[in-house]
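Asker: Following this message is one structure expressed as structure tokens.
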Amino acid sequence: ACTDCHGEHDILNPKNPKSSVSFKNVSSQICSKCHSSVKLSQKYGVLSNRFKTYEDSYHGLALRGGSVIVANCTSCHGTHNIKPASDPTSTINKKNLPKTCGKCHKGATQNFSKSKVHISISSSEKTDPILYWIATSYIILIIVVIGGMFLHNIFDFYKKSKIKKLKQRGLLKTEVYPHNLYLRMTVNERIQHFILAFSFIILIVTGFMLKFPDVWWAKGMRDIYEQAFTYRGLFHRIAAVAMVLVSLYHVYYIIFTQRGKQLFKDLLPKLNDFKDAMAVAKYNLGISNVKPKLDRFCYVEKAEYWALIWGTILMTLTGCILWFNTTFIDLFTTQGIDIAGTIHYYEAWLAFLAILVWHLYFVIFNPDIYPLNLACVKGTISEEEMAEDHYLELEKIKRGKNIDKEKEK
């Protein structure tokens with residue numbers, strides 16, 4: 001009845017933000033009461049997860065985040081003319097969906113009606129097994145990869161901390177190195193790194209701000225600036241374009257510049273990288289007392305570089321599909337968009353955790369580096385750092401200098 005939605009003695013104008021039927025409240029305060037009811041779902045055969053699947057969708061997340069233009073329940077189902085999808089006059093009837101969706105998605109076609117709209121990945125094993133297995137595979141991958149990284153770093157941290165303490169106590173010989181500096185990153189490479197790092201941070205913040213609109217920092221940003229969510233998408237896209245452009249420039253850099261070509265060559269995976277990884281593991285576990293001698297880029301940096309390339313390509317492709325969703329829905333249907341969204345989300349988690357656990361450890365929390373590896377700022381590292389982490393490269397440089405001196409003589 002009317003009072004179920006509008007109330008009795010507290011009826012407010014729908015434009016009033018405190019009204020239960022206002023744009024922001026109608027889905028959570030009105031529709032959810034019946035569509036989340038187990039009793040009513042059993043009585044009328046209506047699925048009880050309809051509000052939950054809406055709340056977890058882009059529309060629901062954006063609404064919780066503060067968007068004032070995203071679709072709510074009434075945008076699709078109507079208000080006083082709500083009818084079942086089987087009714088030919090219903091706004092969600094397959095024949096009418098292009099018009100309904102077209103109110104927001106200009107140019108929407110019949111493909112909007114070819115896939116399910118209310119999808120929950122957590123319960124999609126039967127309803128949509130493709131999404132279920134993509135999500136499950138990613139969760140397993142994240143646990144295995146990030147877990148492996150964490151264990152690797154724990155043993156590395158323990159070994160290096162132990163050696164550092166022994167040196168400080170004078171119980172282990174400390175070698176004295178000349179005060180020479182060696183170029184690690186040119187100005188060009190540092191600019192590339194800065195743009196990549198800054199755009200990545202913006203992407204993570206603005207992306208997770210959509211997915212988790214109720215966390216404290218997302219709420220805090222909205223409290224500071226009411227329209228924060230409105231500009232979230234804009235900043236996310238700007239950062240994405242910046243990352244793609246710097247990535248394309250990097251491709252140019254490694255193809256057309258001499259230093260770039262050498263950089264790419266040195267970053268190519270080799271069989272020796274696997275041997276180095278095993279040798280480092282034995283050293284950190286105390287199985288071997290011999291510290292492996294590493295080259296310009298070890299297995300740690302190579303793994304990170306190629307993972308970055310793979311992740312950037314995948315995030316760019318899925319990001320484009322989500323950005324131009326109306327166009328791609330015509331090609332892949334809404335299921336294709338859902339697949340792209342699932343991959344984009346879990347790949348973001350994988351990238352974020354890899355940077356947090358793997359990269360930040362080696363440039364900040366590594367006992368040999370702490371509090372920060374300044375190569376990304378000043379571009380050079382000391383001879384001691386070269387000897388510790390890039391011994392083979394240091395030998396090559398010194399050998400090259402000796403050859404040059406002999407030629408001069």
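Every chain in the structure tokens has a letter given in the order shown (A, B, ...), and although residue numbers restart at 1 in each chain, ligands are simply numbered from 1 in the order shown.
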Identify, on the basis of only C-alpha atoms, every residue whose closest approach to range 320-333 of chain A does not exceed 12 Å; exclude the query and any residue fewer than 5 positions from it along the same chain; express the result as a VMD selection string.
Answerer: chain A and resid 58 98 101 to 102 104 to 117 233 to 234 236 to 238 240 to 241 244 312 to 315 338 to 345
Asker: Write the residues you've just listed into a file as a short mmCIF file (atom, residue, chain, number, x, y, z; two decimals), in the first residue's frame, and include N, CA, C and O atoms for each of them.
Answerer:
```
data_model
loop_
_atom_site.label_atom_id
_atom_site.label_comp_id
_atom_site.auth_asym_id
_atom_site.auth_seq_id
_atom_site.Cartn_x
_atom_site.Cartn_y
_atom_site.Cartn_z
N TYR A 58 27.95 -1.97 -9.76
CA TYR A 58 28.50 -0.62 -9.91
C TYR A 58 27.48 0.42 -9.46
O TYR A 58 27.81 1.37 -8.75
N PRO A 98 16.14 -1.85 -24.07
CA PRO A 98 16.98 -0.84 -24.74
C PRO A 98 16.54 0.59 -24.43
O PRO A 98 17.38 1.46 -24.21
N CYS A 101 17.34 1.18 -20.50
CA CYS A 101 18.78 1.35 -20.27
C CYS A 101 19.31 2.58 -21.02
O CYS A 101 20.27 3.22 -20.58
N GLY A 102 18.67 2.88 -22.15
CA GLY A 102 19.11 4.00 -22.98
C GLY A 102 18.92 5.35 -22.33
O GLY A 102 19.49 6.34 -22.78
N CYS A 104 20.17 6.20 -19.59
CA CYS A 104 21.51 6.53 -19.09
C CYS A 104 22.59 6.15 -20.09
O CYS A 104 23.55 6.88 -20.28
N HIS A 105 22.43 4.96 -20.69
CA HIS A 105 23.43 4.44 -21.64
C HIS A 105 22.95 4.74 -23.06
O HIS A 105 22.22 3.94 -23.66
N LYS A 106 23.33 5.87 -23.57
CA LYS A 106 22.88 6.28 -24.90
C LYS A 106 23.33 5.26 -25.95
O LYS A 106 24.48 4.84 -25.96
N GLY A 107 22.40 4.87 -26.79
CA GLY A 107 22.73 3.91 -27.85
C GLY A 107 22.61 2.47 -27.42
O GLY A 107 23.10 1.57 -28.11
N ALA A 108 21.98 2.22 -26.26
CA ALA A 108 21.82 0.85 -25.78
C ALA A 108 20.97 0.04 -26.75
O ALA A 108 19.99 0.53 -27.29
N THR A 109 21.39 -1.21 -26.97
CA THR A 109 20.68 -2.08 -27.92
C THR A 109 20.06 -3.27 -27.21
O THR A 109 20.08 -3.37 -25.98
N GLN A 110 19.54 -4.20 -28.01
CA GLN A 110 18.87 -5.37 -27.47
C GLN A 110 19.82 -6.28 -26.68
O GLN A 110 19.38 -7.09 -25.87
N ASN A 111 21.13 -6.15 -26.90
CA ASN A 111 22.10 -6.99 -26.19
C ASN A 111 22.09 -6.77 -24.69
O ASN A 111 22.61 -7.58 -23.93
N PHE A 112 21.50 -5.65 -24.25
CA PHE A 112 21.39 -5.42 -22.81
C PHE A 112 20.54 -6.49 -22.14
O PHE A 112 20.66 -6.73 -20.95
N SER A 113 19.66 -7.11 -22.88
CA SER A 113 18.74 -8.08 -22.30
C SER A 113 19.20 -9.52 -22.43
O SER A 113 18.51 -10.45 -22.03
N LYS A 114 20.40 -9.74 -22.97
CA LYS A 114 20.85 -11.11 -23.23
C LYS A 114 21.55 -11.77 -22.04
O LYS A 114 21.84 -12.94 -22.09
N SER A 115 21.86 -11.02 -21.01
CA SER A 115 22.53 -11.59 -19.85
C SER A 115 21.84 -11.15 -18.58
O SER A 115 21.05 -10.22 -18.56
N LYS A 116 22.15 -11.86 -17.49
CA LYS A 116 21.55 -11.55 -16.20
C LYS A 116 22.08 -10.22 -15.68
O LYS A 116 23.22 -9.86 -15.91
N VAL A 117 21.23 -9.50 -14.96
CA VAL A 117 21.61 -8.21 -14.39
C VAL A 117 21.99 -8.36 -12.92
O VAL A 117 23.03 -7.89 -12.48
N GLY A 233 35.63 9.17 -10.57
CA GLY A 233 35.73 8.55 -11.87
C GLY A 233 36.61 9.33 -12.83
O GLY A 233 37.36 8.75 -13.62
N LEU A 234 36.53 10.66 -12.75
CA LEU A 234 37.33 11.51 -13.62
C LEU A 234 38.83 11.32 -13.33
O LEU A 234 39.63 11.11 -14.25
N HIS A 236 40.19 8.80 -11.86
CA HIS A 236 40.55 7.41 -12.18
C HIS A 236 40.90 7.29 -13.66
O HIS A 236 41.90 6.66 -14.02
N ARG A 237 40.11 7.91 -14.51
CA ARG A 237 40.36 7.84 -15.95
C ARG A 237 41.60 8.63 -16.36
O ARG A 237 42.35 8.20 -17.23
N ILE A 238 41.80 9.79 -15.74
CA ILE A 238 43.00 10.58 -16.03
C ILE A 238 44.25 9.79 -15.66
O ILE A 238 45.23 9.73 -16.43
N ALA A 240 44.50 6.57 -15.44
CA ALA A 240 44.60 5.43 -16.35
C ALA A 240 45.24 5.85 -17.67
O ALA A 240 46.12 5.14 -18.20
N VAL A 241 44.82 6.99 -18.19
CA VAL A 241 45.41 7.50 -19.44
C VAL A 241 46.89 7.80 -19.25
O VAL A 241 47.72 7.48 -20.11
N VAL A 244 48.81 4.52 -19.23
CA VAL A 244 48.89 3.95 -20.58
C VAL A 244 49.91 4.73 -21.43
O VAL A 244 50.72 4.13 -22.15
N THR A 312 49.56 -4.36 -16.57
CA THR A 312 49.18 -3.12 -17.27
C THR A 312 48.36 -3.43 -18.52
O THR A 312 47.35 -2.76 -18.79
N ILE A 313 48.77 -4.44 -19.27
CA ILE A 313 48.03 -4.82 -20.48
C ILE A 313 46.62 -5.28 -20.11
O ILE A 313 45.63 -4.85 -20.71
N LEU A 314 46.53 -6.15 -19.10
CA LEU A 314 45.24 -6.70 -18.70
C LEU A 314 44.32 -5.61 -18.13
O LEU A 314 43.13 -5.55 -18.46
N MET A 315 44.87 -4.74 -17.30
CA MET A 315 44.06 -3.67 -16.70
C MET A 315 43.63 -2.65 -17.75
O MET A 315 42.53 -2.09 -17.67
N ASP A 338 30.67 -8.03 -17.24
CA ASP A 338 30.84 -8.60 -15.90
C ASP A 338 32.17 -9.34 -15.78
O ASP A 338 32.84 -9.27 -14.74
N ILE A 339 32.56 -10.04 -16.82
CA ILE A 339 33.85 -10.75 -16.82
C ILE A 339 35.00 -9.75 -16.74
O ILE A 339 35.94 -9.92 -15.95
N ALA A 340 34.92 -8.70 -17.55
CA ALA A 340 35.95 -7.65 -17.53
C ALA A 340 36.03 -6.99 -16.16
O ALA A 340 37.13 -6.74 -15.65
N GLY A 341 34.87 -6.73 -15.56
CA GLY A 341 34.84 -6.10 -14.24
C GLY A 341 35.45 -6.99 -13.16
O GLY A 341 36.17 -6.51 -12.28
N THR A 342 35.16 -8.29 -13.24
CA THR A 342 35.71 -9.24 -12.26
C THR A 342 37.23 -9.32 -12.38
O THR A 342 37.95 -9.28 -11.38
N ILE A 343 37.72 -9.44 -13.62
CA ILE A 343 39.17 -9.50 -13.84
C ILE A 343 39.83 -8.20 -13.38
O ILE A 343 40.87 -8.22 -12.72
N HIS A 344 39.22 -7.07 -13.72
CA HIS A 344 39.77 -5.76 -13.36
C HIS A 344 39.89 -5.63 -11.85
O HIS A 344 40.92 -5.14 -11.33
N TYR A 345 38.88 -6.08 -11.14
CA TYR A 345 38.86 -5.96 -9.68
C TYR A 345 39.93 -6.82 -9.02
O TYR A 345 40.72 -6.34 -8.20
#
```
Asker: If we count only C-alpha atoms, what is near range 220-230 of chain A at a cut-off of 12 Å, once residues fewer than 3 positions away on the same chain are taken out, given as a PyMOL selection string?
Answerer: chain A and resi 61-70+205-217+233-236
Asker: Write the selection just made, keeping N, CA, C and O atoms, as a compact mmCIF listing (two decimals), in the first residue's frame?
Answerer:
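Written out: part-v7.txt:
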```txt
# COMPACT_ATOMS: atom_id res chain seq x y z
N LEU A 61 27.14 0.46 -5.61
CA LEU A 61 28.34 0.99 -4.98
C LEU A 61 28.46 2.49 -5.19
O LEU A 61 28.82 3.23 -4.27
N ALA A 62 28.16 2.92 -6.41
CA ALA A 62 28.24 4.35 -6.72
C ALA A 62 27.21 5.15 -5.92
O ALA A 62 27.49 6.26 -5.46
N LEU A 63 26.02 4.57 -5.74
CA LEU A 63 24.98 5.24 -4.96
C LEU A 63 25.42 5.40 -3.50
O LEU A 63 25.28 6.47 -2.91
N ARG A 64 26.01 4.34 -2.94
CA ARG A 64 26.52 4.41 -1.57
C ARG A 64 27.68 5.39 -1.46
O ARG A 64 27.91 5.99 -0.41
N GLY A 65 28.42 5.52 -2.55
CA GLY A 65 29.56 6.43 -2.55
C GLY A 65 29.19 7.89 -2.65
O GLY A 65 30.03 8.76 -2.43
N GLY A 66 27.94 8.17 -3.01
CA GLY A 66 27.49 9.55 -3.06
C GLY A 66 27.08 10.05 -4.44
O GLY A 66 26.78 11.22 -4.61
N SER A 67 27.05 9.16 -5.44
CA SER A 67 26.64 9.58 -6.77
C SER A 67 25.17 9.97 -6.78
O SER A 67 24.33 9.33 -6.13
N VAL A 68 24.84 11.01 -7.52
CA VAL A 68 23.45 11.48 -7.58
C VAL A 68 22.84 11.26 -8.96
O VAL A 68 21.72 11.68 -9.23
N ILE A 69 23.60 10.57 -9.83
CA ILE A 69 23.09 10.35 -11.19
C ILE A 69 23.01 8.87 -11.56
O ILE A 69 22.45 8.51 -12.58
N VAL A 70 23.56 8.00 -10.71
CA VAL A 70 23.58 6.57 -11.02
C VAL A 70 22.18 5.98 -10.85
O VAL A 70 21.34 6.53 -10.13
N VAL A 205 43.50 4.26 -5.17
CA VAL A 205 42.64 5.02 -4.26
C VAL A 205 41.25 5.22 -4.87
O VAL A 205 40.23 4.94 -4.22
N THR A 206 41.20 5.68 -6.12
CA THR A 206 39.90 5.97 -6.74
C THR A 206 39.15 4.68 -7.10
O THR A 206 37.91 4.67 -7.11
N GLY A 207 39.88 3.61 -7.40
CA GLY A 207 39.22 2.34 -7.72
C GLY A 207 38.60 1.71 -6.49
O GLY A 207 37.43 1.30 -6.49
N PHE A 208 39.37 1.64 -5.41
CA PHE A 208 38.85 1.04 -4.17
C PHE A 208 37.84 1.95 -3.49
O PHE A 208 37.03 1.49 -2.69
N MET A 209 37.89 3.24 -3.80
CA MET A 209 36.89 4.16 -3.27
C MET A 209 35.51 3.81 -3.80
O MET A 209 34.49 3.99 -3.12
N LEU A 210 35.45 3.29 -5.04
CA LEU A 210 34.19 2.84 -5.61
C LEU A 210 33.78 1.51 -4.98
O LEU A 210 32.62 1.33 -4.59
N LYS A 211 34.72 0.59 -4.88
CA LYS A 211 34.39 -0.77 -4.41
C LYS A 211 34.09 -0.82 -2.92
O LYS A 211 33.32 -1.65 -2.46
N PHE A 212 34.71 0.09 -2.16
CA PHE A 212 34.49 0.12 -0.70
C PHE A 212 34.11 1.53 -0.27
O PHE A 212 34.89 2.22 0.38
N PRO A 213 32.91 1.98 -0.63
CA PRO A 213 32.52 3.37 -0.36
C PRO A 213 32.30 3.69 1.11
O PRO A 213 32.23 4.86 1.48
N ASP A 214 32.19 2.65 1.96
CA ASP A 214 31.89 2.88 3.37
C ASP A 214 33.11 2.83 4.28
O ASP A 214 32.97 2.99 5.49
N VAL A 215 34.31 2.57 3.73
CA VAL A 215 35.50 2.53 4.58
C VAL A 215 35.83 3.94 5.06
O VAL A 215 35.43 4.94 4.45
N TRP A 216 36.60 4.01 6.15
CA TRP A 216 36.80 5.30 6.84
C TRP A 216 37.44 6.35 5.95
O TRP A 216 37.03 7.52 5.98
N TRP A 217 38.43 5.96 5.12
CA TRP A 217 39.12 6.98 4.33
C TRP A 217 38.25 7.49 3.19
O TRP A 217 38.34 8.65 2.79
N GLY A 233 35.63 9.17 -10.57
CA GLY A 233 35.73 8.55 -11.87
C GLY A 233 36.61 9.33 -12.83
O GLY A 233 37.36 8.75 -13.62
N LEU A 234 36.53 10.66 -12.75
CA LEU A 234 37.33 11.51 -13.62
C LEU A 234 38.83 11.32 -13.33
O LEU A 234 39.63 11.11 -14.25
N PHE A 235 39.19 11.36 -12.05
CA PHE A 235 40.59 11.17 -11.67
C PHE A 235 41.07 9.75 -12.00
O PHE A 235 42.24 9.55 -12.36
N HIS A 236 40.19 8.80 -11.86
CA HIS A 236 40.55 7.41 -12.18
C HIS A 236 40.90 7.29 -13.66
O HIS A 236 41.90 6.66 -14.02
```
Asker: Kindly give the distance, in Å, that separates CA of Trp358 in chain A and CA of Ile146 in chain A, rounded to a single decimal.
Answerer: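 CA of Ile146 in chain A lies 8.2 Å from CA of Trp358 in chain A.
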Asker: Find the spatial neighbours of His77 in chain A, counting only C-alpha atoms, within a cut-off of 12 Å - ignore same-chain residues fewer than 5 positions away - and output them as an NGL selection string.
Answerer: :A and (27 or 31 or 71-72 or 82-85 or 89-93 or 96-97 or 100-101)
Asker: Give me, as a Markdown table, each residue of range 297-400 of chain A that comes within 8 Å of range 149-160 of chain A, together with its shortest interatomic pair and the distance in Å at one decimal, counting only C-alpha atoms, with rows ordered by chain and rising residue number.
Answerer:
```
| residue | atom | partner | partner_atom | distance |
| --- | --- | --- | --- | --- |
| A:Ala354 | CA | A:Met149 | CA | 7.9 |
| A:Val357 | CA | A:Phe150 | CA | 6.3 |
| A:Trp358 | CA | A:Met149 | CA | 6.2 |
| A:Tyr361 | CA | A:Asn153 | CA | 7.4 |
| A:Asn366 | CA | A:Phe157 | CA | 6.5 |
| A:Pro367 | CA | A:Lys160 | CA | 6.1 |
| A:Asp368 | CA | A:Lys160 | CA | 7.0 |
```
Asker: Excluding range 293-310 of chain A and residues on its chain fewer than 4 positions from it, collect all residues at most 6 Å away from it, counting only C-alpha atoms, and give them as an MDAnalysis selection string.
Answerer: chainID A and resid 267 273 390:393
Asker: What is the distance between CA of Lys103 in chain A and CA of Ser32 in chain A, in Å to one decimal?
Answerer: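 A separation of 23.6 Å between them.
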Asker: Which of range 59-140 of chain A counts as alpha helix (DSSP H) under DSSP, as a ChimeraX atom specification please?
Answerer: /A:59-65,73-77,97-102,124-127,129-140
Asker: Go ahead and compute the interatomic distance for CA of Val251 in chain A and CA of Arg190 in chain A, in Å to one decimal.
Answerer: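 Computed distance, CA of Val251 in chain A to CA of Arg190 in chain A, equals 15.4 Å.
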Asker: Counting only C-alpha atoms, which of A:Ala375, A:Ile30, A:Asn16, A:Leu171 gets nearest to His193 in chain A?
Answerer: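 Smallest distance to His193 in chain A is found for A:Ala375.
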Asker: Compare A:Lys378, A:Tyr132, A:Pro292, A:Ala197 by their minimum atom-to-atom distance to Phe352 in chain A, counting only C-alpha atoms, and give me the closest one.
Answerer: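 Between A:Lys378, A:Tyr132, A:Pro292, A:Ala197, the residue approaching Phe352 in chain A most closely is A:Ala197.
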Asker: Can you list, as a list in words, every protein, DNA or RNA residue that comes within 8 Å of range 174-180 of chain A when you count only C-alpha atoms, leaving out same-chain residues fewer than 6 positions away?
Answerer: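 Everything that qualifies: Lys167, Ser382, Glu383 and Glu384 of chain A.
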Asker: I'd like to know which of A:Ala1, A:Gln335, A:Ala281, A:Lys261 is closest to Ile119 in chain A, using only C-alpha atoms.
Answerer: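 Looking only at the distances to Ile119 in chain A, the closest residue turns out to be A:Gln335.
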